[in-house]
$ cat input_0.txt   # compact mmCIF, C-alpha atoms
# COMPACT_ATOMS: atom_id res chain seq x y z
CA MET A 1 -31.53 -11.57 -30.09
CA SER A 2 -34.05 -13.93 -31.69
CA SER A 3 -34.72 -11.32 -34.40
CA LEU A 4 -30.99 -11.01 -35.04
CA ASN A 5 -30.60 -14.78 -35.27
CA ALA A 6 -33.54 -14.95 -37.67
CA ALA A 7 -32.05 -12.20 -39.84
CA ILE A 8 -28.69 -13.99 -39.98
CA ARG A 9 -30.33 -17.33 -40.77
CA ASP A 10 -32.58 -15.91 -43.47
CA SER A 11 -29.80 -13.84 -45.07
CA SER A 12 -27.53 -16.90 -45.18
CA VAL A 13 -30.22 -18.77 -47.14
CA ILE A 14 -30.55 -15.87 -49.60
CA ALA A 15 -26.76 -15.61 -49.91
CA GLU A 16 -26.53 -19.34 -50.68
CA ARG A 17 -29.23 -18.96 -53.33
CA ASN A 18 -27.35 -16.05 -54.95
CA LEU A 19 -24.05 -17.96 -54.93
CA ARG A 20 -25.73 -20.98 -56.52
CA ASN A 21 -26.92 -18.71 -59.32
CA VAL A 22 -23.34 -17.54 -59.84
CA ILE A 23 -22.11 -21.14 -60.04
CA ARG A 24 -24.83 -22.04 -62.55
CA THR A 25 -24.16 -18.97 -64.71
CA PRO A 26 -20.38 -18.50 -64.57
CA GLY A 27 -20.56 -16.05 -67.47
CA ALA A 28 -21.93 -13.49 -65.00
CA MET A 29 -18.49 -13.38 -63.38
CA VAL A 30 -16.65 -12.53 -66.60
CA THR A 31 -16.74 -8.80 -65.86
CA SER A 32 -15.46 -9.31 -62.32
CA VAL A 33 -12.49 -11.22 -63.72
CA ALA A 34 -11.85 -9.25 -66.91
CA GLN A 35 -12.13 -5.76 -65.43
CA PRO A 36 -9.15 -5.89 -63.02
CA VAL A 37 -7.02 -7.65 -65.64
CA MET A 38 -7.84 -4.98 -68.21
CA PHE A 39 -7.11 -2.07 -65.89
CA VAL A 40 -3.88 -3.61 -64.61
CA LEU A 41 -2.58 -4.14 -68.15
CA LEU A 42 -3.72 -0.76 -69.45
CA LEU A 43 -2.46 1.34 -66.56
CA ALA A 44 0.71 -0.66 -65.96
CA PHE A 45 1.95 -0.88 -69.54
CA VAL A 46 0.22 1.95 -71.42
CA PHE A 47 0.63 4.68 -68.80
CA GLY A 48 3.09 3.06 -66.41
CA GLY A 49 6.21 3.93 -68.40
CA THR A 50 5.39 7.63 -68.14
CA LEU A 51 4.28 7.54 -64.51
CA GLY A 52 7.15 5.61 -62.95
CA GLY A 53 7.85 2.29 -64.66
CA ASP A 54 8.30 -0.77 -62.47
CA GLN A 55 7.80 1.16 -59.25
CA TYR A 56 4.50 2.54 -60.51
CA ARG A 57 3.31 -0.98 -61.35
CA THR A 58 3.85 -1.96 -57.73
CA PHE A 59 2.14 1.22 -56.53
CA LEU A 60 -0.77 0.62 -58.91
CA ILE A 61 -2.15 -2.57 -57.34
CA GLY A 62 -3.60 -0.89 -54.25
CA GLY A 63 -5.51 1.53 -56.47
CA ILE A 64 -6.77 -1.23 -58.75
CA LEU A 65 -8.08 -3.14 -55.72
CA ALA A 66 -9.94 -0.09 -54.40
CA GLN A 67 -11.34 0.72 -57.84
CA THR A 68 -12.43 -2.85 -58.63
CA LEU A 69 -14.28 -3.29 -55.36
CA THR A 70 -16.00 0.07 -55.78
CA PHE A 71 -17.17 -0.98 -59.25
CA ASN A 72 -18.54 -4.20 -57.77
CA ALA A 73 -21.30 -2.11 -56.19
CA SER A 74 -22.82 -1.92 -59.67
CA PHE A 75 -23.17 -5.71 -59.67
CA THR A 76 -25.17 -5.51 -56.45
CA ALA A 77 -27.42 -2.89 -58.03
CA VAL A 78 -27.98 -4.84 -61.24
CA TYR A 79 -28.63 -8.24 -59.68
CA LEU A 80 -30.94 -6.89 -56.99
CA ALA A 81 -32.83 -4.84 -59.58
CA LYS A 82 -33.13 -7.97 -61.72
CA ASP A 83 -34.75 -9.86 -58.84
CA LEU A 84 -37.15 -6.95 -58.37
CA GLN A 85 -38.01 -6.81 -62.05
CA LEU A 86 -38.65 -10.56 -62.26
CA GLY A 87 -40.96 -10.45 -59.25
CA LEU A 88 -38.76 -12.64 -57.09
CA ILE A 89 -38.65 -10.03 -54.33
CA ASP A 90 -42.46 -10.07 -54.23
CA ARG A 91 -42.29 -13.77 -53.45
CA PHE A 92 -39.72 -13.17 -50.72
CA ARG A 93 -41.92 -10.48 -49.17
CA SER A 94 -44.78 -12.97 -48.87
CA LEU A 95 -42.63 -15.31 -46.75
CA PRO A 96 -42.17 -15.07 -42.97
CA MET A 97 -38.60 -13.83 -43.17
CA SER A 98 -36.56 -10.88 -41.92
CA ARG A 99 -37.08 -7.70 -43.94
CA GLY A 100 -33.37 -7.03 -44.22
CA ALA A 101 -32.45 -10.61 -45.15
CA VAL A 102 -32.84 -10.13 -48.92
CA ILE A 103 -30.44 -7.18 -49.03
CA LEU A 104 -28.01 -8.63 -46.49
CA GLY A 105 -27.99 -11.92 -48.40
CA ARG A 106 -27.23 -10.06 -51.63
CA SER A 107 -24.42 -8.11 -49.96
CA THR A 108 -22.97 -11.26 -48.40
CA ALA A 109 -22.98 -13.11 -51.70
CA ASP A 110 -21.29 -10.20 -53.44
CA LEU A 111 -18.74 -10.13 -50.63
CA VAL A 112 -17.83 -13.74 -51.43
CA THR A 113 -17.63 -13.13 -55.18
CA SER A 114 -15.45 -10.06 -54.53
CA LEU A 115 -12.82 -12.44 -53.19
CA LEU A 116 -12.41 -13.65 -56.77
CA SER A 117 -11.83 -10.07 -57.97
CA ILE A 118 -9.22 -9.56 -55.25
CA ALA A 119 -7.48 -12.84 -56.10
CA VAL A 120 -7.38 -12.03 -59.83
CA THR A 121 -6.00 -8.55 -59.16
CA LEU A 122 -3.27 -9.86 -56.86
CA MET A 123 -2.28 -12.57 -59.35
CA CYS A 124 -2.01 -9.93 -62.08
CA GLY A 125 0.09 -7.87 -59.68
CA LEU A 126 2.42 -10.77 -59.05
CA ALA A 127 2.79 -11.24 -62.80
CA ILE A 128 3.92 -7.63 -63.32
CA GLY A 129 6.27 -7.49 -60.34
CA TRP A 130 4.12 -6.50 -57.36
CA ARG A 131 5.10 -8.02 -54.03
CA ILE A 132 4.06 -7.95 -50.35
CA ASN A 133 6.89 -6.23 -48.47
CA ASN A 134 5.47 -5.95 -44.93
CA GLY A 135 4.81 -9.57 -43.99
CA LEU A 136 1.72 -11.72 -43.62
CA GLY A 137 0.05 -9.91 -40.71
CA PRO A 138 -0.33 -6.49 -42.38
CA ALA A 139 -1.33 -8.24 -45.64
CA LEU A 140 -4.19 -10.04 -43.88
CA LEU A 141 -5.25 -6.73 -42.33
CA ALA A 142 -5.29 -5.21 -45.83
CA LEU A 143 -7.50 -8.08 -47.01
CA GLY A 144 -9.86 -7.48 -44.09
CA LEU A 145 -10.08 -3.77 -44.97
CA LEU A 146 -10.84 -4.60 -48.60
CA LEU A 147 -13.65 -6.96 -47.60
CA LEU A 148 -15.10 -4.38 -45.23
CA PHE A 149 -14.98 -1.79 -48.02
CA THR A 150 -16.70 -4.01 -50.57
CA PHE A 151 -19.40 -4.89 -48.01
CA ALA A 152 -19.93 -1.17 -47.38
CA VAL A 153 -20.24 -0.10 -51.01
CA SER A 154 -22.61 -3.00 -51.75
CA TRP A 155 -25.19 -1.17 -49.62
CA VAL A 156 -24.85 1.82 -51.94
CA GLY A 157 -25.66 -0.51 -54.83
CA ALA A 158 -28.66 -1.85 -52.91
CA VAL A 159 -30.09 1.65 -52.44
CA ILE A 160 -29.65 2.34 -56.16
CA ALA A 161 -31.40 -0.93 -57.10
CA LEU A 162 -34.34 -0.37 -54.77
CA THR A 163 -34.73 3.19 -56.05
CA ALA A 164 -34.43 2.31 -59.75
CA ARG A 165 -36.35 -1.00 -59.60
CA SER A 166 -35.32 -1.91 -63.18
CA VAL A 167 -32.10 -3.39 -64.52
CA GLU A 168 -31.57 -0.69 -67.15
CA VAL A 169 -31.99 2.25 -64.79
CA ALA A 170 -29.98 0.55 -62.04
CA GLN A 171 -27.13 -0.10 -64.46
CA SER A 172 -27.08 3.54 -65.56
CA LEU A 173 -27.34 4.99 -62.07
CA GLY A 174 -24.84 2.45 -60.78
CA LEU A 175 -22.16 3.69 -63.19
CA ILE A 176 -22.74 7.45 -63.04
CA TRP A 177 -21.14 7.91 -59.63
CA LEU A 178 -18.44 5.27 -59.99
CA PHE A 179 -16.16 7.02 -62.46
CA PRO A 180 -15.76 10.35 -60.63
CA VAL A 181 -15.41 8.61 -57.26
CA THR A 182 -12.71 6.21 -58.46
CA PHE A 183 -10.75 8.51 -60.78
CA ILE A 184 -10.88 11.71 -58.70
CA SER A 185 -8.84 9.97 -56.05
CA GLY A 186 -5.34 8.87 -55.18
CA ALA A 187 -5.93 5.41 -56.64
CA PHE A 188 -3.72 5.99 -59.68
CA VAL A 189 -1.98 9.36 -59.31
CA SER A 190 -0.81 11.69 -56.56
CA VAL A 191 -3.64 13.88 -55.28
CA GLN A 192 -1.13 16.73 -54.97
CA SER A 193 -1.10 17.03 -58.76
CA MET A 194 -4.79 17.97 -58.89
CA PRO A 195 -6.20 21.52 -58.82
CA GLY A 196 -7.63 22.84 -55.54
CA PRO A 197 -11.28 21.63 -55.45
CA LEU A 198 -10.48 18.25 -57.00
CA ARG A 199 -7.53 17.78 -54.67
CA ALA A 200 -9.70 18.46 -51.61
CA PHE A 201 -12.27 15.95 -52.83
CA ALA A 202 -9.59 13.37 -53.61
CA GLU A 203 -7.87 13.77 -50.23
CA TRP A 204 -11.09 12.93 -48.34
CA ASN A 205 -12.33 10.37 -50.88
CA PRO A 206 -12.80 6.91 -49.24
CA VAL A 207 -11.28 5.30 -52.35
CA THR A 208 -8.08 7.27 -51.73
CA ALA A 209 -8.05 6.19 -48.09
CA VAL A 210 -8.53 2.51 -48.93
CA ALA A 211 -5.89 2.56 -51.67
CA THR A 212 -3.40 4.40 -49.44
CA ALA A 213 -4.02 2.13 -46.45
CA VAL A 214 -3.64 -1.03 -48.56
CA ARG A 215 -0.37 0.25 -50.03
CA GLU A 216 0.97 1.01 -46.58
CA LEU A 217 0.00 -2.43 -45.31
CA PHE A 218 1.54 -4.14 -48.33
CA GLY A 219 4.65 -1.94 -48.11
CA ASN A 220 4.28 -0.54 -51.62
CA ALA A 221 5.96 2.86 -51.89
CA ALA A 222 4.99 5.56 -54.38
CA PRO A 223 7.24 6.07 -57.42
CA GLN A 224 9.94 8.70 -57.30
CA GLY A 225 8.55 12.04 -58.31
CA PHE A 226 5.13 11.44 -56.79
CA ALA A 227 4.36 14.23 -54.35
CA ALA A 228 3.70 12.77 -50.91
CA PRO A 229 0.08 13.28 -49.74
CA SER A 230 -0.47 15.39 -46.67
CA GLY A 231 -3.27 16.04 -44.22
CA TRP A 232 -5.12 13.98 -41.64
CA PRO A 233 -6.65 11.43 -44.09
CA ALA A 234 -3.23 10.63 -45.54
CA ASP A 235 -1.52 10.45 -42.16
CA ASN A 236 -4.23 8.17 -40.74
CA ALA A 237 -5.23 6.27 -43.87
CA LEU A 238 -6.13 2.96 -42.20
CA LEU A 239 -8.22 4.60 -39.47
CA TYR A 240 -9.93 6.94 -41.92
CA ALA A 241 -10.68 4.08 -44.36
CA ALA A 242 -12.27 2.04 -41.56
CA LEU A 243 -14.31 5.06 -40.41
CA CYS A 244 -15.49 5.67 -43.98
CA CYS A 245 -16.64 2.05 -44.29
CA ALA A 246 -18.52 2.30 -41.01
CA ALA A 247 -20.12 5.59 -42.07
CA ILE A 248 -21.21 4.21 -45.45
CA ILE A 249 -22.85 1.20 -43.78
CA ALA A 250 -24.46 3.40 -41.11
CA VAL A 251 -26.00 5.67 -43.76
CA PHE A 252 -26.88 3.34 -46.62
CA ALA A 253 -27.93 0.16 -44.78
CA PRO A 254 -30.89 1.86 -43.05
CA LEU A 255 -31.76 3.63 -46.31
CA ALA A 256 -31.80 0.33 -48.21
CA ILE A 257 -33.90 -1.45 -45.58
CA SER A 258 -36.36 1.45 -45.30
CA GLN A 259 -36.71 1.55 -49.08
CA TYR A 260 -37.32 -2.19 -49.10
CA VAL A 261 -40.03 -1.81 -46.42
CA ARG A 262 -41.59 1.06 -48.38
CA ILE A 263 -41.77 -1.10 -51.48
CA SER A 264 -43.31 -3.92 -49.44
CA LYS A 265 -46.22 -1.71 -48.43
CA ARG A 266 -47.20 -0.85 -51.98
$ encode --input "input_0.txt" --output "structure tokens"
Amino acid sequence: MSSLNAAIRDSSVIAERNLRNVIRTPGAMVTSVAQPVMFVLLLAFVFGGTLGGDQYRTFLIGGILAQTLTFNASFTAVYLAKDLQLGLIDRFRSLPMSRGAVILGRSTADLVTSLLSIAVTLMCGLAIGWRINNGLGPALLALGLLLLFTFAVSWVGAVIALTARSVEVAQSLGLIWLFPVTFISGAFVSVQSMPGPLRAFAEWNPVTAVATAVRELFGNAAPQGFAAPSGWPADNALLYAALCCAAIIAVFAPLAISQYVRISKR
């Protein structure tokens, strides 16, 4: 219990340090703000007329939220790799602090900054006609799921950063997996329209589960003409999304911490 308390205390200090850096360099948050705005406008007004008009714009917001928070994992990778490259992590390793505090502090700080991405996306949604149709309770549950998801994928970014150990490599590796994971999914289109192998991947993709669960909680129906998804992941989207988040944390958190310990012994 004392080790857990120490880890929480140390990670909170690191998280505060990371958030102070964000406040002092607000330009670093431009991408977090501009990216959801850009995708909402492009997909809603460039492709939205073909895919379902006003109803598609409402349907779109759940997918944009899932995509934006997945992309935020690249920020974790870049900023953690930057600290490694500048030698700041070496200084942290020389201090009597929990080994997982640096990574947990980074993930916690990115969790807080992800709230800004969520807020910007929802405000853009309100501007184009999106609304919450299921009441406050399910909406808060959707917010909780989104925060759990962004916390989970931040550990993927941490593993990439600790493997790459340079900003340039971390940025490249951090983007390679993001595009197929976010676009081969049900975030923007019906998975039933995809060919066999891609459809199977999209049906079990955590991004699809998060987007579907958020839409159900917000009460945002698919446009007319969209084939309804089928299968266990679609029928149990909220449960499957939560299980995916837990599985990602269970796999990548130990990997990140073990990689950090391995680097410490060099």
$ closest_residue --input "input_0.txt" --among "A:Leu104, A:Ala81, A:Ala228, A:Leu217" --to "A:Pro138" --atoms "all atoms listed in the file"
A:Leu217
$ closest_residue --input "input_0.txt" --among "A:Ser258, A:Asn134, A:Gln192, A:Ser114" --to "A:Gly231" --atoms "all atoms listed in the file"
A:Gln192
$ atom_distance --input "input_0.txt" --atom1 "atom CA of A:Ala246" --atom2 "atom CA of A:Trp204"
14.9 Å
$ residues_around --input "input_0.txt" --residues "A:Val13" --least-positions-apart "2" --cutoff "12 Å" --atoms "all atoms listed in the file" --output "ChimeraX atom specification"
/A:6-11,15-20,92,97-98,101-106,108-109
$ atom_distance --input "input_0.txt" --atom1 "atom CA of A:Ser230" --atom2 "atom CA of A:Gly129"
27.5 Å
$ closest_residue --input "input_0.txt" --among "A:Val30, A:Arg99, A:Gly225, A:Ser172" --to "A:Thr50" --atoms "all atoms listed in the file"
A:Gly225
$ atom_distance --input "input_0.txt" --atom1 "atom CA of A:Thr25" --atom2 "atom CA of A:Ala119"
19.7 Å
$ residues_around --input "input_0.txt" --residues "A:Pro206" --least-positions-apart "6" --cutoff "8 Å" --atoms "all atoms listed in the file" --output "short mmCIF file (atom, residue, chain, number, x, y, z; two decimals) with C-alpha atoms, in the coordinates of the input"
data_model
loop_
_atom_site.label_atom_id
_atom_site.label_comp_id
_atom_site.auth_asym_id
_atom_site.auth_seq_id
_atom_site.Cartn_x
_atom_site.Cartn_y
_atom_site.Cartn_z
CA TYR A 240 -9.93 6.94 -41.92
CA ALA A 241 -10.68 4.08 -44.36
CA CYS A 244 -15.49 5.67 -43.98
CA CYS A 245 -16.64 2.05 -44.29
#
$ closest_residue --input "input_0.txt" --among "A:Ser190, A:Ser107, A:Thr208, A:Gln259" --to "A:Leu51" --atoms "only C-alpha atoms"
A:Ser190
$ residues_around --input "input_0.txt" --residues "A:Leu238" --least-positions-apart "3" --cutoff "8 Å" --atoms "only C-alpha atoms" --output "list in words"
Ala209, Val210, Thr212, Ala213, Val214, Ala241 and Ala242 of chain A
$ axis_aligned_box --input "input_0.txt" --around "stretch 177-194 of chain A" --padding-each-side "3 Å" --output "JSON"
{"center_x": -11.0, "center_y": 11.6, "center_z": -58.7, "size_x": 26.3, "size_y": 18.7, "size_z": 13.5}
